[in-house]
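S.K.: Sharing a structure below in structure tokens format, with a few things to ask.
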2 protein chains.
Amino acid sequence: MKEALFEITSKRLGVTGVVDDKGFMTGAITDGDLRRAMEKGIDILQSKASDIMTRNPKKITVDALAAEALQKMEQHSITSLFVMDGEKVAGVVHLHDLLKAGVV
Amino acid sequence: MKEALFEITSKRLGVTGVVDDKGFMTGAITDGDLRRAMEKGIDILQSKASDIMTRNPKKITVDALAAEALQKMEQHSITSLFVMDGEKVAGVVHLHDLLKAGVV
């Protein structure tokens, strides 16, 4: 989990994807997941990523329109989405990316 | 700090303000502050809010225009701002609030 914490910090998105050994996405860990685990008294640094992660993070496909990304973020009151190329993570799009691109 | 964790979760904003006994704001604790403290090996539940908090969270005044709030969020790549009535916290505005209000 220490690796996951540094990954979230280094990407500055408040989230990291969790992939299996084939690179397929199995879940995601957000700052909120960390907080909720802490509330439950879970020792995060001694946990496995799979114990903490959200199993079905919100996603869009790599060919989705930006407007679709925005709609999904608004609908779920979230600020980032994984961008999927099939079962593999191609990237993360943040609400600020959409603002900067003038989508909103 | 347990109280702070529950407060952040209950408000669903990923942040809570920290006020002194007169209700004046002394700082804020975000999910990111919690993560960074964890990375440093700090025992969060045994810490005081003042050890974890950011001392100068981003703010706007209660009479600020929504466009100003949006500009500040974009400039600092953040998604929420404290709304201040003098030295007291009047509320928190989230980027999703601005989207819903049609500001963007």
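Letters A, B, ... go to the chains of the structure tokens in the order shown; residues in each chain start at 1; ligands are counted from 1 in the same order.
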Using only C-alpha atoms, determine which residues lie at most 12 Å from Glu3 in chain A, disregarding the query and same-chain residues fewer than 2 positions distant; provide the list as an MDAnalysis selection string.
M.R.: (chainID A and resid 1 5:10 16:18 29 44:49) or (chainID B and resid 38:39)
S.K.: Compute the set of chain B residues within 8 Å of chain A, using only C-alpha atoms, and express it as a PyMOL selection string.
M.R.: chain B and resi 2+5-6+9+14+31-32+34-36+39+74+77+96+99+104
S.K.: I need the chosen residues saved as an mmCIF file, in the first residue's frame, with C-alpha atoms.
M.R.:
```
data_model
loop_
_atom_site.group_PDB
_atom_site.id
_atom_site.type_symbol
_atom_site.label_atom_id
_atom_site.label_comp_id
_atom_site.auth_asym_id
_atom_site.auth_seq_id
_atom_site.Cartn_x
_atom_site.Cartn_y
_atom_site.Cartn_z
ATOM 1 C CA LYS B 2 -11.522 10.453 14.391
ATOM 2 C CA LEU B 5 -12.555 11.784 9.531
ATOM 3 C CA PHE B 6 -16.263 11.330 10.186
ATOM 4 C CA THR B 9 -17.111 11.561 5.210
ATOM 5 C CA GLY B 14 -13.293 15.407 0.887
ATOM 6 C CA ASP B 31 -8.258 13.730 1.976
ATOM 7 C CA GLY B 32 -4.898 14.623 0.430
ATOM 8 C CA LEU B 34 -4.559 12.576 5.361
ATOM 9 C CA ARG B 35 -2.782 10.625 2.615
ATOM 10 C CA ARG B 36 0.408 12.694 2.866
ATOM 11 C CA GLU B 39 2.962 8.485 3.769
ATOM 12 C CA GLU B 74 -8.812 26.355 -12.063
ATOM 13 C CA SER B 77 -6.327 22.793 -9.683
ATOM 14 C CA HIS B 96 -19.787 20.486 -8.994
ATOM 15 C CA LEU B 99 -21.434 23.197 -12.783
ATOM 16 C CA VAL B 104 -19.236 27.119 -16.238
#
```
S.K.: If you run DSSP on this backbone, which residues of chain A come out as helix (DSSP H, G or I), and could you give them as a PyMOL selection string?
M.R.: chain A and resi 2-11+31-39+44-46+49-52+66-76+95-100
S.K.: Excluding Asn56 in chain A and any residue of its chain fewer than 3 positions from it, enumerate the residues within 9 Å of it, using only C-alpha atoms, and give them as an mmCIF file with all heavy atoms, in the first residue's frame.
M.R.:
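Listed below is the output, around-v9.cif:
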```cif
data_model
loop_
_atom_site.group_PDB
_atom_site.id
_atom_site.type_symbol
_atom_site.label_atom_id
_atom_site.label_comp_id
_atom_site.auth_asym_id
_atom_site.auth_seq_id
_atom_site.Cartn_x
_atom_site.Cartn_y
_atom_site.Cartn_z
ATOM 1 N N THR A 26 -8.292 -4.033 -12.026
ATOM 2 C CA THR A 26 -9.138 -4.766 -11.073
ATOM 3 C C THR A 26 -9.854 -3.806 -10.122
ATOM 4 O O THR A 26 -10.805 -4.202 -9.461
ATOM 5 C CB THR A 26 -8.301 -5.766 -10.252
ATOM 6 O OG1 THR A 26 -7.243 -5.055 -9.605
ATOM 7 C CG2 THR A 26 -7.695 -6.832 -11.134
ATOM 8 N N GLY A 27 -9.393 -2.560 -10.053
ATOM 9 C CA GLY A 27 -10.050 -1.605 -9.165
ATOM 10 C C GLY A 27 -9.293 -0.298 -9.117
ATOM 11 O O GLY A 27 -8.393 -0.070 -9.929
ATOM 12 N N ALA A 28 -9.679 0.551 -8.167
ATOM 13 C CA ALA A 28 -9.014 1.842 -8.002
ATOM 14 C C ALA A 28 -9.007 2.203 -6.528
ATOM 15 O O ALA A 28 -9.889 1.778 -5.776
ATOM 16 C CB ALA A 28 -9.753 2.914 -8.795
ATOM 17 N N MET A 53 -9.304 -1.162 -2.190
ATOM 18 C CA MET A 53 -9.779 -0.568 -3.450
ATOM 19 C C MET A 53 -11.297 -0.659 -3.650
ATOM 20 O O MET A 53 -11.968 -1.520 -3.085
ATOM 21 C CB MET A 53 -9.081 -1.249 -4.637
ATOM 22 C CG MET A 53 -9.529 -2.665 -4.885
ATOM 23 S SD MET A 53 -8.530 -3.428 -6.215
ATOM 24 C CE MET A 53 -9.435 -4.965 -6.416
ATOM 25 N N LYS A 59 -15.711 4.585 -15.338
ATOM 26 C CA LYS A 59 -14.817 4.563 -16.509
ATOM 27 C C LYS A 59 -15.530 5.128 -17.727
ATOM 28 O O LYS A 59 -16.758 5.148 -17.785
ATOM 29 C CB LYS A 59 -14.449 3.122 -16.871
ATOM 30 C CG LYS A 59 -13.849 2.314 -15.771
ATOM 31 C CD LYS A 59 -14.000 0.821 -16.102
ATOM 32 C CE LYS A 59 -13.754 -0.009 -14.863
ATOM 33 N NZ LYS A 59 -14.241 -1.389 -15.009
#
```
S.K.: Env of Ala64 in chain A: 12 Å cut, atoms = only C-alpha atoms, seq-sep filter 5 positions within chain, self excluded. Answer as a list of chain:residue names.
M.R.: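 Skipping anything fewer than 5 positions along the chain leaves A:Lys59, A:Ala69, A:Leu70, A:Gln71, A:Lys72, A:Leu81, A:Phe82, A:Val83, A:Met84, A:Asp85, A:Val93.
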S.K.: Any idea what the distance is between CA of His76 in chain A and CA of Pro57 in chain B?
M.R.: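 Result for CA of His76 in chain A versus CA of Pro57 in chain B: 25.5 Å, one decimal.
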S.K.: Write out as a VMD selection string the set of residues from range 10-94 of chain B that DSSP, computed on the backbone, places in strand (DSSP E).
M.R.: chain B and resid 15 to 19 25 to 30 59 to 61 80 to 85 88 to 94
S.K.: Between CA of Ile42 in chain A and CA of Met25 in chain A, what is the distance in Å, rounded to a tenth?
M.R.: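 Separating CA of Ile42 in chain A from CA of Met25 in chain A is a distance of 23.5 Å.
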S.K.: Expressed in Å to a single decimal, how great is the separation between CA of Lys58 in chain A and CA of Lys88 in chain A?
M.R.: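 That distance, rounded to one decimal, is 13.7 Å.
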